[in-house]
$ cat run.cif   # mmCIF, C-alpha atoms and all ligand atoms; chains and numbers go by the auth columns
data_coords
loop_
_atom_site.group_PDB
_atom_site.id
_atom_site.type_symbol
_atom_site.label_atom_id
_atom_site.label_comp_id
_atom_site.label_asym_id
_atom_site.label_seq_id
_atom_site.Cartn_x
_atom_site.Cartn_y
_atom_site.Cartn_z
_atom_site.B_iso_or_equiv
_atom_site.auth_seq_id
_atom_site.auth_asym_id
ATOM 1 C CA MET A 1 15.347 18.048 8.626 0.00 1 A
ATOM 2 C CA LEU A 2 11.689 18.121 7.594 0.00 2 A
ATOM 3 C CA ARG A 3 10.100 14.735 6.940 0.00 3 A
ATOM 4 C CA THR A 4 7.203 13.940 4.621 0.00 4 A
ATOM 5 C CA LYS A 5 4.207 12.986 6.754 0.00 5 A
ATOM 6 C CA ILE A 6 2.877 9.625 5.591 0.00 6 A
ATOM 7 C CA ALA A 7 -0.457 7.883 6.118 0.00 7 A
ATOM 8 C CA VAL A 8 -0.580 4.113 5.556 0.00 8 A
ATOM 9 C CA PHE A 9 -3.990 2.787 4.462 0.00 9 A
ATOM 10 C CA VAL A 10 -4.660 -0.795 5.584 0.00 10 A
ATOM 11 C CA SER A 11 -7.410 -3.437 5.668 0.00 11 A
ATOM 12 C CA GLY A 12 -5.798 -6.660 6.842 0.00 12 A
ATOM 13 C CA GLY A 13 -2.786 -8.252 8.494 0.00 13 A
ATOM 14 C CA GLY A 14 -0.564 -5.223 7.971 0.00 14 A
ATOM 15 C CA THR A 15 2.649 -7.097 7.161 0.00 15 A
ATOM 16 C CA ASN A 16 3.576 -4.350 4.691 0.00 16 A
ATOM 17 C CA LEU A 17 2.882 -1.738 7.376 0.00 17 A
ATOM 18 C CA GLN A 18 5.143 -3.740 9.684 0.00 18 A
ATOM 19 C CA ALA A 19 7.881 -3.729 7.036 0.00 19 A
ATOM 20 C CA LEU A 20 7.592 0.077 6.851 0.00 20 A
ATOM 21 C CA LEU A 21 7.676 0.478 10.636 0.00 21 A
ATOM 22 C CA ASP A 22 10.729 -1.798 10.925 0.00 22 A
ATOM 23 C CA ALA A 23 12.496 0.029 8.084 0.00 23 A
ATOM 24 C CA GLN A 24 11.751 3.370 9.775 0.00 24 A
ATOM 25 C CA LYS A 25 13.234 2.028 13.016 0.00 25 A
ATOM 26 C CA ARG A 26 16.376 0.998 11.098 0.00 26 A
ATOM 27 C CA GLY A 27 16.675 4.566 9.794 0.00 27 A
ATOM 28 C CA GLU A 28 15.890 3.499 6.201 0.00 28 A
ATOM 29 C CA ILE A 29 13.116 6.079 5.668 0.00 29 A
ATOM 30 C CA PRO A 30 14.886 9.301 6.726 0.00 30 A
ATOM 31 C CA SER A 31 12.774 11.498 4.420 0.00 31 A
ATOM 32 C CA GLY A 32 9.436 10.292 5.760 0.00 32 A
ATOM 33 C CA GLU A 33 7.513 9.821 8.982 0.00 33 A
ATOM 34 C CA ILE A 34 4.686 7.278 9.319 0.00 34 A
ATOM 35 C CA ALA A 35 2.299 9.625 11.095 0.00 35 A
ATOM 36 C CA LEU A 36 -1.039 7.822 10.682 0.00 36 A
ATOM 37 C CA VAL A 37 -2.561 4.431 9.941 0.00 37 A
ATOM 38 C CA LEU A 38 -6.038 4.561 8.360 0.00 38 A
ATOM 39 C CA ALA A 39 -7.933 1.266 8.415 0.00 39 A
ATOM 40 C CA SER A 40 -11.051 0.405 6.406 0.00 40 A
ATOM 41 C CA ASN A 41 -12.303 -1.850 9.210 0.00 41 A
ATOM 42 C CA ASP A 42 -11.785 -2.145 12.964 0.00 42 A
ATOM 43 C CA SER A 43 -10.654 -5.788 12.959 0.00 43 A
ATOM 44 C CA ALA A 44 -7.518 -5.231 10.881 0.00 44 A
ATOM 45 C CA TYR A 45 -4.502 -6.640 12.726 0.00 45 A
ATOM 46 C CA ALA A 46 -2.605 -3.736 11.189 0.00 46 A
ATOM 47 C CA LEU A 47 -4.239 -1.580 13.903 0.00 47 A
ATOM 48 C CA THR A 48 -2.509 -3.672 16.578 0.00 48 A
ATOM 49 C CA ARG A 49 0.799 -3.208 14.767 0.00 49 A
ATOM 50 C CA ALA A 50 0.231 0.562 14.711 0.00 50 A
ATOM 51 C CA ALA A 51 -0.587 0.646 18.446 0.00 51 A
ATOM 52 C CA ASP A 52 2.436 -1.533 19.279 0.00 52 A
ATOM 53 C CA ASN A 53 4.608 1.012 17.469 0.00 53 A
ATOM 54 C CA GLY A 54 3.026 4.141 18.916 0.00 54 A
ATOM 55 C CA VAL A 55 1.491 5.237 15.615 0.00 55 A
ATOM 56 C CA LYS A 56 -1.865 7.042 15.653 0.00 56 A
ATOM 57 C CA SER A 57 -4.614 5.105 13.872 0.00 57 A
ATOM 58 C CA VAL A 58 -8.142 5.817 12.710 0.00 58 A
ATOM 59 C CA VAL A 59 -10.874 3.569 11.292 0.00 59 A
ATOM 60 C CA VAL A 60 -13.027 4.928 8.465 0.00 60 A
ATOM 61 C CA LYS A 61 -15.653 2.440 7.273 0.00 61 A
ATOM 62 C CA ARG A 62 -17.228 2.928 3.837 0.00 62 A
ATOM 63 C CA LYS A 63 -20.543 1.428 4.977 0.00 63 A
ATOM 64 C CA GLU A 64 -20.957 4.157 7.602 0.00 64 A
ATOM 65 C CA PHE A 65 -21.311 6.771 4.879 0.00 65 A
ATOM 66 C CA PRO A 66 -24.231 7.382 2.499 0.00 66 A
ATOM 67 C CA SER A 67 -21.976 7.597 -0.558 0.00 67 A
ATOM 68 C CA GLN A 68 -18.440 7.125 -1.841 0.00 68 A
ATOM 69 C CA GLU A 69 -18.160 10.907 -2.053 0.00 69 A
ATOM 70 C CA VAL A 70 -19.023 11.495 1.626 0.00 70 A
ATOM 71 C CA TYR A 71 -16.732 8.604 2.620 0.00 71 A
ATOM 72 C CA GLU A 72 -13.834 10.130 0.739 0.00 72 A
ATOM 73 C CA GLN A 73 -14.592 13.596 2.114 0.00 73 A
ATOM 74 C CA LYS A 74 -14.231 12.153 5.621 0.00 74 A
ATOM 75 C CA MET A 75 -10.890 10.567 4.714 0.00 75 A
ATOM 76 C CA LYS A 76 -9.655 13.858 3.228 0.00 76 A
ATOM 77 C CA GLU A 77 -10.629 15.658 6.463 0.00 77 A
ATOM 78 C CA VAL A 78 -8.707 13.126 8.549 0.00 78 A
ATOM 79 C CA LEU A 79 -5.672 13.503 6.277 0.00 79 A
ATOM 80 C CA GLU A 80 -5.798 17.293 6.522 0.00 80 A
ATOM 81 C CA GLU A 81 -6.211 17.200 10.317 0.00 81 A
ATOM 82 C CA ASN A 82 -2.999 15.159 10.451 0.00 82 A
ATOM 83 C CA ALA A 83 -1.124 17.273 7.863 0.00 83 A
ATOM 84 C CA ILE A 84 -0.566 14.170 5.730 0.00 84 A
ATOM 85 C CA GLU A 85 1.463 14.728 2.527 0.00 85 A
ATOM 86 C CA MET A 86 1.714 11.180 1.161 0.00 86 A
ATOM 87 C CA ILE A 87 -0.407 8.031 1.218 0.00 87 A
ATOM 88 C CA VAL A 88 0.760 4.397 1.064 0.00 88 A
ATOM 89 C CA LEU A 89 -1.864 1.752 0.198 0.00 89 A
ATOM 90 C CA ALA A 90 -0.674 -1.431 1.929 0.00 90 A
ATOM 91 C CA GLY A 91 -3.217 -4.196 1.582 0.00 91 A
ATOM 92 C CA PHE A 92 -5.964 -1.583 1.421 0.00 92 A
ATOM 93 C CA MET A 93 -9.147 -3.168 0.033 0.00 93 A
ATOM 94 C CA SER A 94 -11.538 -0.228 -0.161 0.00 94 A
ATOM 95 C CA LEU A 95 -12.132 1.544 -3.481 0.00 95 A
ATOM 96 C CA LEU A 96 -10.793 5.045 -4.080 0.00 96 A
ATOM 97 C CA SER A 97 -12.413 7.159 -6.797 0.00 97 A
ATOM 98 C CA GLU A 98 -10.658 9.050 -9.562 0.00 98 A
ATOM 99 C CA ASP A 99 -11.512 12.299 -7.707 0.00 99 A
ATOM 100 C CA PHE A 100 -9.661 11.082 -4.625 0.00 100 A
ATOM 101 C CA THR A 101 -6.565 9.943 -6.508 0.00 101 A
ATOM 102 C CA LEU A 102 -6.513 13.168 -8.550 0.00 102 A
ATOM 103 C CA ALA A 103 -6.491 15.162 -5.295 0.00 103 A
ATOM 104 C CA TYR A 104 -3.074 13.642 -4.474 0.00 104 A
ATOM 105 C CA PRO A 105 -1.165 13.474 -7.769 0.00 105 A
ATOM 106 C CA LYS A 106 2.097 11.477 -7.435 0.00 106 A
ATOM 107 C CA ARG A 107 1.432 11.331 -3.685 0.00 107 A
ATOM 108 C CA ILE A 108 -0.263 7.918 -3.440 0.00 108 A
ATOM 109 C CA VAL A 109 1.683 4.663 -3.890 0.00 109 A
ATOM 110 C CA ASN A 110 0.446 1.066 -3.835 0.00 110 A
ATOM 111 C CA ILE A 111 2.138 -2.317 -3.405 0.00 111 A
ATOM 112 C CA HIS A 112 0.821 -4.975 -5.780 0.00 112 A
ATOM 113 C CA PRO A 113 1.876 -8.644 -5.451 0.00 113 A
ATOM 114 C CA SER A 114 2.825 -9.273 -9.102 0.00 114 A
ATOM 115 C CA LEU A 115 5.084 -7.863 -11.807 0.00 115 A
ATOM 116 C CA ILE A 116 2.677 -5.345 -13.365 0.00 116 A
ATOM 117 C CA PRO A 117 1.365 -5.473 -16.153 0.00 117 A
ATOM 118 C CA SER A 118 0.924 -9.171 -15.390 0.00 118 A
ATOM 119 C CA PHE A 119 -1.909 -10.294 -13.139 0.00 119 A
ATOM 120 C CA CYS A 120 -3.213 -6.861 -12.204 0.00 120 A
ATOM 121 C CA GLY A 121 -6.342 -4.774 -12.567 0.00 121 A
ATOM 122 C CA LYS A 122 -9.901 -5.611 -11.619 0.00 122 A
ATOM 123 C CA GLY A 123 -10.254 -8.779 -9.527 0.00 123 A
ATOM 124 C CA PHE A 124 -6.518 -9.310 -9.068 0.00 124 A
ATOM 125 C CA TYR A 125 -5.937 -8.907 -5.332 0.00 125 A
ATOM 126 C CA GLY A 126 -4.626 -11.046 -2.473 0.00 126 A
ATOM 127 C CA LEU A 127 -4.456 -14.774 -3.233 0.00 127 A
ATOM 128 C CA HIS A 128 -6.225 -14.381 -6.593 0.00 128 A
ATOM 129 C CA VAL A 129 -3.017 -12.849 -7.988 0.00 129 A
ATOM 130 C CA HIS A 130 -0.932 -15.897 -7.038 0.00 130 A
ATOM 131 C CA GLU A 131 -3.612 -18.352 -8.155 0.00 131 A
ATOM 132 C CA ALA A 132 -3.536 -16.682 -11.585 0.00 132 A
ATOM 133 C CA ALA A 133 0.277 -16.752 -11.750 0.00 133 A
ATOM 134 C CA LEU A 134 0.338 -20.481 -10.882 0.00 134 A
ATOM 135 C CA ALA A 135 -2.500 -21.230 -13.322 0.00 135 A
ATOM 136 C CA TYR A 136 -0.621 -19.473 -16.105 0.00 136 A
ATOM 137 C CA GLY A 137 2.561 -21.353 -15.242 0.00 137 A
ATOM 138 C CA VAL A 138 4.903 -18.351 -14.990 0.00 138 A
ATOM 139 C CA LYS A 139 8.402 -19.229 -13.706 0.00 139 A
ATOM 140 C CA VAL A 140 8.968 -15.787 -12.227 0.00 140 A
ATOM 141 C CA THR A 141 6.604 -13.452 -10.430 0.00 141 A
ATOM 142 C CA GLY A 142 7.214 -10.714 -7.869 0.00 142 A
ATOM 143 C CA ALA A 143 5.899 -7.397 -6.577 0.00 143 A
ATOM 144 C CA THR A 144 5.468 -3.858 -7.865 0.00 144 A
ATOM 145 C CA VAL A 145 5.215 -0.476 -6.174 0.00 145 A
ATOM 146 C CA HIS A 146 3.450 2.029 -8.399 0.00 146 A
ATOM 147 C CA TYR A 147 1.835 5.450 -8.207 0.00 147 A
ATOM 148 C CA VAL A 148 -1.925 5.285 -7.864 0.00 148 A
ATOM 149 C CA ASN A 149 -4.093 6.981 -10.471 0.00 149 A
ATOM 150 C CA GLU A 150 -7.624 6.445 -11.741 0.00 150 A
ATOM 151 C CA ILE A 151 -6.727 3.189 -13.523 0.00 151 A
ATOM 152 C CA PRO A 152 -6.657 0.136 -11.179 0.00 152 A
ATOM 153 C CA ASP A 153 -2.928 -0.753 -10.858 0.00 153 A
ATOM 154 C CA GLY A 154 -2.315 1.590 -13.797 0.00 154 A
ATOM 155 C CA GLY A 155 -0.011 4.258 -12.380 0.00 155 A
ATOM 156 C CA GLU A 156 3.678 4.771 -13.200 0.00 156 A
ATOM 157 C CA ILE A 157 5.857 1.961 -11.842 0.00 157 A
ATOM 158 C CA ILE A 158 8.350 2.983 -9.138 0.00 158 A
ATOM 159 C CA LEU A 159 10.080 -0.287 -8.134 0.00 159 A
ATOM 160 C CA GLN A 160 9.737 -3.998 -8.922 0.00 160 A
ATOM 161 C CA LYS A 161 11.410 -7.133 -7.584 0.00 161 A
ATOM 162 C CA ALA A 162 11.256 -10.637 -9.096 0.00 162 A
ATOM 163 C CA VAL A 163 10.730 -13.871 -7.165 0.00 163 A
ATOM 164 C CA ASP A 164 11.095 -17.456 -8.470 0.00 164 A
ATOM 165 C CA VAL A 165 8.031 -19.665 -8.683 0.00 165 A
ATOM 166 C CA LEU A 166 9.064 -23.107 -7.373 0.00 166 A
ATOM 167 C CA GLU A 167 7.854 -26.609 -8.198 0.00 167 A
ATOM 168 C CA GLY A 168 4.845 -27.487 -6.060 0.00 168 A
ATOM 169 C CA ASP A 169 4.128 -23.937 -4.939 0.00 169 A
ATOM 170 C CA THR A 170 0.641 -23.382 -3.575 0.00 170 A
ATOM 171 C CA PRO A 171 -0.905 -19.896 -3.749 0.00 171 A
ATOM 172 C CA GLU A 172 -0.299 -19.462 -0.023 0.00 172 A
ATOM 173 C CA VAL A 173 3.359 -20.518 -0.189 0.00 173 A
ATOM 174 C CA LEU A 174 3.961 -18.292 -3.209 0.00 174 A
ATOM 175 C CA GLN A 175 2.188 -15.334 -1.556 0.00 175 A
ATOM 176 C CA ARG A 176 4.424 -15.640 1.491 0.00 176 A
ATOM 177 C CA ARG A 177 7.587 -15.784 -0.631 0.00 177 A
ATOM 178 C CA VAL A 178 6.504 -12.743 -2.659 0.00 178 A
ATOM 179 C CA MET A 179 5.784 -10.842 0.564 0.00 179 A
ATOM 180 C CA GLU A 180 9.071 -11.795 2.273 0.00 180 A
ATOM 181 C CA GLN A 181 11.412 -11.520 -0.715 0.00 181 A
ATOM 182 C CA ALA A 182 9.773 -8.704 -2.661 0.00 182 A
ATOM 183 C CA GLU A 183 6.978 -6.661 -1.041 0.00 183 A
ATOM 184 C CA TRP A 184 8.653 -6.048 2.277 0.00 184 A
ATOM 185 C CA VAL A 185 11.919 -5.143 0.495 0.00 185 A
ATOM 186 C CA ILE A 186 10.732 -2.731 -2.193 0.00 186 A
ATOM 187 C CA LEU A 187 7.929 -0.954 -0.331 0.00 187 A
ATOM 188 C CA PRO A 188 10.195 0.765 2.234 0.00 188 A
ATOM 189 C CA LYS A 189 12.678 1.664 -0.539 0.00 189 A
ATOM 190 C CA ALA A 190 9.943 3.113 -2.759 0.00 190 A
ATOM 191 C CA VAL A 191 8.403 5.043 0.144 0.00 191 A
ATOM 192 C CA GLU A 192 11.769 6.644 0.929 0.00 192 A
ATOM 193 C CA MET A 193 12.253 7.536 -2.776 0.00 193 A
ATOM 194 C CA VAL A 194 8.852 9.248 -3.032 0.00 194 A
ATOM 195 C CA ALA A 195 9.100 10.903 0.404 0.00 195 A
ATOM 196 C CA GLN A 196 12.478 12.325 -0.625 0.00 196 A
ATOM 197 C CA LYS A 197 11.086 13.583 -3.956 0.00 197 A
ATOM 198 C CA LEU A 198 8.261 15.342 -2.098 0.00 198 A
ATOM 199 C CA GLN A 199 10.747 16.895 0.334 0.00 199 A
ATOM 200 C CA LYS A 200 12.758 18.293 -2.561 0.00 200 A
ATOM 201 C CA GLY A 201 9.561 19.468 -4.250 0.00 201 A
ATOM 202 C CA ASN A 202 10.272 17.614 -7.486 0.00 202 A
HETATM 203 C C1 LIG B . -0.381 -8.387 0.316 0.00 301 B
HETATM 204 O O1 LIG B . -0.318 -9.511 -0.525 0.00 301 B
HETATM 205 C C2 LIG B . -0.179 -7.135 -0.513 0.00 301 B
HETATM 206 O O2 LIG B . 0.571 -7.365 -1.680 0.00 301 B
HETATM 207 C C3 LIG B . -1.545 -6.775 -0.916 0.00 301 B
HETATM 208 O O3 LIG B . -2.334 -7.055 0.236 0.00 301 B
HETATM 209 C C4 LIG B . -1.808 -8.242 0.859 0.00 301 B
HETATM 210 C C5 LIG B . -1.892 -8.131 2.354 0.00 301 B
HETATM 211 O O4 LIG B . -0.975 -7.188 2.789 0.00 301 B
HETATM 212 N N1 LIG B . -1.585 -5.399 -1.331 0.00 301 B
HETATM 213 P P1 LIG B . -0.721 -6.843 4.358 0.00 301 B
HETATM 214 O O5 LIG B . -0.182 -8.088 5.012 0.00 301 B
HETATM 215 O O6 LIG B . -2.065 -6.444 4.950 0.00 301 B
HETATM 216 O O7 LIG B . 0.278 -5.736 4.315 0.00 301 B
#

$ encode --input "run.cif" --output "structure tokens" --more "lines below"
Ligand code: GRF
Amino acid sequence: MLRTKIAVFVSGGGTNLQALLDAQKRGEIPSGEIALVLASNDSAYALTRAADNGVKSVVVKRKEFPSQEVYEQKMKEVLEENAIEMIVLAGFMSLLSEDFTLAYPKRIVNIHPSLIPSFCGKGFYGLHVHEAALAYGVKVTGATVHYVNEIPDGGEIILQKAVDVLEGDTPEVLQRRVMEQAEWVILPKAVEMVAQKLQKGN
């Protein structure tokens, strides 16, 4: 059976990449194959996770290119060389232009550590998301997987999962709980859903 070839874009620890690799090993992503890891920097621990799991990786650094356009052209070349059909942004911190996202309609998904439309958009990434949730005093937060379009965190929602905010939570403790109980659960499920859709051509 053909499998959708997936590239995972990373910048940091790669715990979401790890969740995808583990899910793939458990046979939970039958419609997709993680064929490439693309990192925005060469110190991302996600690269070690890729190597440990025999997945090809490449580093493409924005600052090595004269413009966003040339940077994105390089990424598109790498994706074409590897016959990539779908992109997963997993802790990816580099900007992607509207042109880039429009080149892959309904083929790019992102994991965001809140229940969109809360605590999302410009400036809401990493710990800032959990700091904002705690500052607001929400009792429930969670994670969202959504399609990526030209609006930051604005694409159609695919899956969400709620997580309780507990008394005394710090941003770090809350981030870890959202990762463990939500991100690492819904990202593999959403990736299989989209990979399957792309296989069936719908
Ligand atoms: C996670 O909080 C994720 O929600 C966000 O980036 C953070 C780091 O992810 N997108 P990872 O450990 O690099 O997968």

$ closest_residue --input "run.cif" --among "A:Arg3, A:Lys25, A:Lys61, A:Lys122" --to "Asn41 (chain A)" --atoms "all atoms listed in the file"
A:Lys61

$ residues_near_ligand --input "run.cif" --ligand "ligand LIG 301 (chain B)" --cutoff "6 Å" --atoms "all atoms listed in the file" --output "PyMOL selection string"
chain A and resi 12-17+90-91+111-113+126

$ residues_around --input "run.cif" --residues "Lys106 (chain A)" --least-positions-apart "6" --cutoff "12 Å" --atoms "all atoms listed in the file" --output "PyMOL selection string"
chain A and resi 85-88+146-150+155-158+191+193-195+197-198+201-202

$ resolve_selection --input "run.cif" --expression "the PyMOL selection byres (((chain A and resi 72) around 12) and not hetatm)" --output "list in words"
Ser40, Val60, Lys61, Arg62, Lys63, Glu64, Phe65, Pro66, Ser67, Gln68, Glu69, Val70, Tyr71, Gln73, Lys74, Met75, Lys76, Glu77, Val78, Leu79, Ser94, Leu95, Leu96, Ser97, Glu98, Asp99, Phe100, Thr101 and Ala103 of chain A

$ write_last_selection --input "run.cif" --atoms "C-alpha atoms" --output "PDB file, keeping the file's coordinate frame"
ATOM      1  CA  SER A  40     -11.051   0.405   6.406  1.00  0.00           C
ATOM      2  CA  VAL A  60     -13.027   4.928   8.465  1.00  0.00           C
ATOM      3  CA  LYS A  61     -15.653   2.440   7.273  1.00  0.00           C
ATOM      4  CA  ARG A  62     -17.228   2.928   3.837  1.00  0.00           C
ATOM      5  CA  LYS A  63     -20.543   1.428   4.977  1.00  0.00           C
ATOM      6  CA  GLU A  64     -20.957   4.157   7.602  1.00  0.00           C
ATOM      7  CA  PHE A  65     -21.311   6.771   4.879  1.00  0.00           C
ATOM      8  CA  PRO A  66     -24.231   7.382   2.499  1.00  0.00           C
ATOM      9  CA  SER A  67     -21.976   7.597  -0.558  1.00  0.00           C
ATOM     10  CA  GLN A  68     -18.440   7.125  -1.841  1.00  0.00           C
ATOM     11  CA  GLU A  69     -18.160  10.907  -2.053  1.00  0.00           C
ATOM     12  CA  VAL A  70     -19.023  11.495   1.626  1.00  0.00           C
ATOM     13  CA  TYR A  71     -16.732   8.604   2.620  1.00  0.00           C
ATOM     14  CA  GLN A  73     -14.592  13.596   2.114  1.00  0.00           C
ATOM     15  CA  LYS A  74     -14.231  12.153   5.621  1.00  0.00           C
ATOM     16  CA  MET A  75     -10.890  10.567   4.714  1.00  0.00           C
ATOM     17  CA  LYS A  76      -9.655  13.858   3.228  1.00  0.00           C
ATOM     18  CA  GLU A  77     -10.629  15.658   6.463  1.00  0.00           C
ATOM     19  CA  VAL A  78      -8.707  13.126   8.549  1.00  0.00           C
ATOM     20  CA  LEU A  79      -5.672  13.503   6.277  1.00  0.00           C
ATOM     21  CA  SER A  94     -11.538  -0.228  -0.161  1.00  0.00           C
ATOM     22  CA  LEU A  95     -12.132   1.544  -3.481  1.00  0.00           C
ATOM     23  CA  LEU A  96     -10.793   5.045  -4.080  1.00  0.00           C
ATOM     24  CA  SER A  97     -12.413   7.159  -6.797  1.00  0.00           C
ATOM     25  CA  GLU A  98     -10.658   9.050  -9.562  1.00  0.00           C
ATOM     26  CA  ASP A  99     -11.512  12.299  -7.707  1.00  0.00           C
ATOM     27  CA  PHE A 100      -9.661  11.082  -4.625  1.00  0.00           C
ATOM     28  CA  THR A 101      -6.565   9.943  -6.508  1.00  0.00           C
ATOM     29  CA  ALA A 103      -6.491  15.162  -5.295  1.00  0.00           C
TER      30      ALA A 103
END

$ resolve_selection --input "run.cif" --expression "the PyMOL selection byres (((chain A and resi 128) around 12) and not hetatm)" --output "VMD selection string"
chain A and resid 112 to 114 119 to 127 129 to 135 170 to 172 174 to 175

$ residues_near_point --input "run.cif" --point "(-8.4, 6.0, 14.1)" --cutoff "6 Å" --atoms "only C-alpha atoms" --output "PyMOL selection string"
chain A and resi 57-59

$ axis_aligned_box --input "run.cif" --around "region 181-189 of chain A" --padding-each-side "5 Å" --output "lines of an AutoDock Vina configuration file"
center_x = 9.8
center_y = -4.9
center_z = -0.2
size_x = 15.7
size_y = 23.2
size_z = 14.9

$ atom_distance --input "run.cif" --atom1 "CA of Glu192 (chain A)" --atom2 "CA of Gly27 (chain A)"
10.3 Å

$ resolve_selection --input "run.cif" --expression "the PyMOL selection byres (((chain A and resi 56) around 10) and not hetatm)" --output "list in words"
Ala7, Ile34, Ala35, Leu36, Val37, Leu38, Leu47, Ala50, Ala51, Asn53, Gly54, Val55, Ser57, Val58 and Asn82 of chain A

$ residues_near_point --input "run.cif" --point "(1.4, 13.9, 5.2)" --cutoff "6 Å" --atoms "only C-alpha atoms" --output "list in words"
Thr4, Lys5, Ile6, Ala83, Ile84, Glu85 and Met86 of chain A

$ residues_around --input "run.cif" --residues "Ile29 (chain A)" --least-positions-apart "3" --cutoff "8 Å" --atoms "all atoms listed in the file" --output "number ranges by chain"
A: 23-24, 32-33, 188-189, 191-192

$ build_atoms --input "run.cif" --residues "region 76-87 of chain A" --atoms "N, CA, C and O atoms" --output "tab-separated table (two decimals), in the frame of the given file"
chain	number	residue	atom	x	y	z
A	76	LYS	N	-10.45	12.66	3.53
A	76	LYS	CA	-9.65	13.86	3.23
A	76	LYS	C	-9.55	14.75	4.47
A	76	LYS	O	-8.50	15.31	4.76
A	77	GLU	N	-10.65	14.83	5.23
A	77	GLU	CA	-10.63	15.66	6.46
A	77	GLU	C	-9.61	15.09	7.46
A	77	GLU	O	-8.81	15.82	8.04
A	78	VAL	N	-9.64	13.78	7.61
A	78	VAL	CA	-8.71	13.13	8.55
A	78	VAL	C	-7.26	13.37	8.10
A	78	VAL	O	-6.38	13.69	8.91
A	79	LEU	N	-7.03	13.28	6.80
A	79	LEU	CA	-5.67	13.50	6.28
A	79	LEU	C	-5.24	14.95	6.52
A	79	LEU	O	-4.11	15.21	6.94
A	80	GLU	N	-6.15	15.88	6.31
A	80	GLU	CA	-5.80	17.29	6.52
A	80	GLU	C	-5.55	17.58	8.01
A	80	GLU	O	-4.59	18.25	8.36
A	81	GLU	N	-6.39	17.00	8.86
A	81	GLU	CA	-6.21	17.20	10.32
A	81	GLU	C	-4.82	16.73	10.77
A	81	GLU	O	-4.25	17.26	11.72
A	82	ASN	N	-4.31	15.72	10.06
A	82	ASN	CA	-3.00	15.16	10.45
A	82	ASN	C	-1.87	15.64	9.56
A	82	ASN	O	-0.77	15.06	9.59
A	83	ALA	N	-2.15	16.66	8.74
A	83	ALA	CA	-1.12	17.27	7.86
A	83	ALA	C	-0.39	16.22	7.02
A	83	ALA	O	0.82	16.27	6.83
A	84	ILE	N	-1.16	15.24	6.52
A	84	ILE	CA	-0.57	14.17	5.73
A	84	ILE	C	-0.20	14.66	4.33
A	84	ILE	O	-1.02	15.33	3.69
A	85	GLU	N	1.00	14.30	3.86
A	85	GLU	CA	1.46	14.73	2.53
A	85	GLU	C	1.54	13.57	1.52
A	85	GLU	O	1.67	13.80	0.31
A	86	MET	N	1.50	12.34	2.04
A	86	MET	CA	1.71	11.18	1.16
A	86	MET	C	0.94	9.99	1.73
A	86	MET	O	0.81	9.85	2.95
A	87	ILE	N	0.41	9.19	0.82
A	87	ILE	CA	-0.41	8.03	1.22
A	87	ILE	C	0.21	6.75	0.67
A	87	ILE	O	0.62	6.71	-0.52
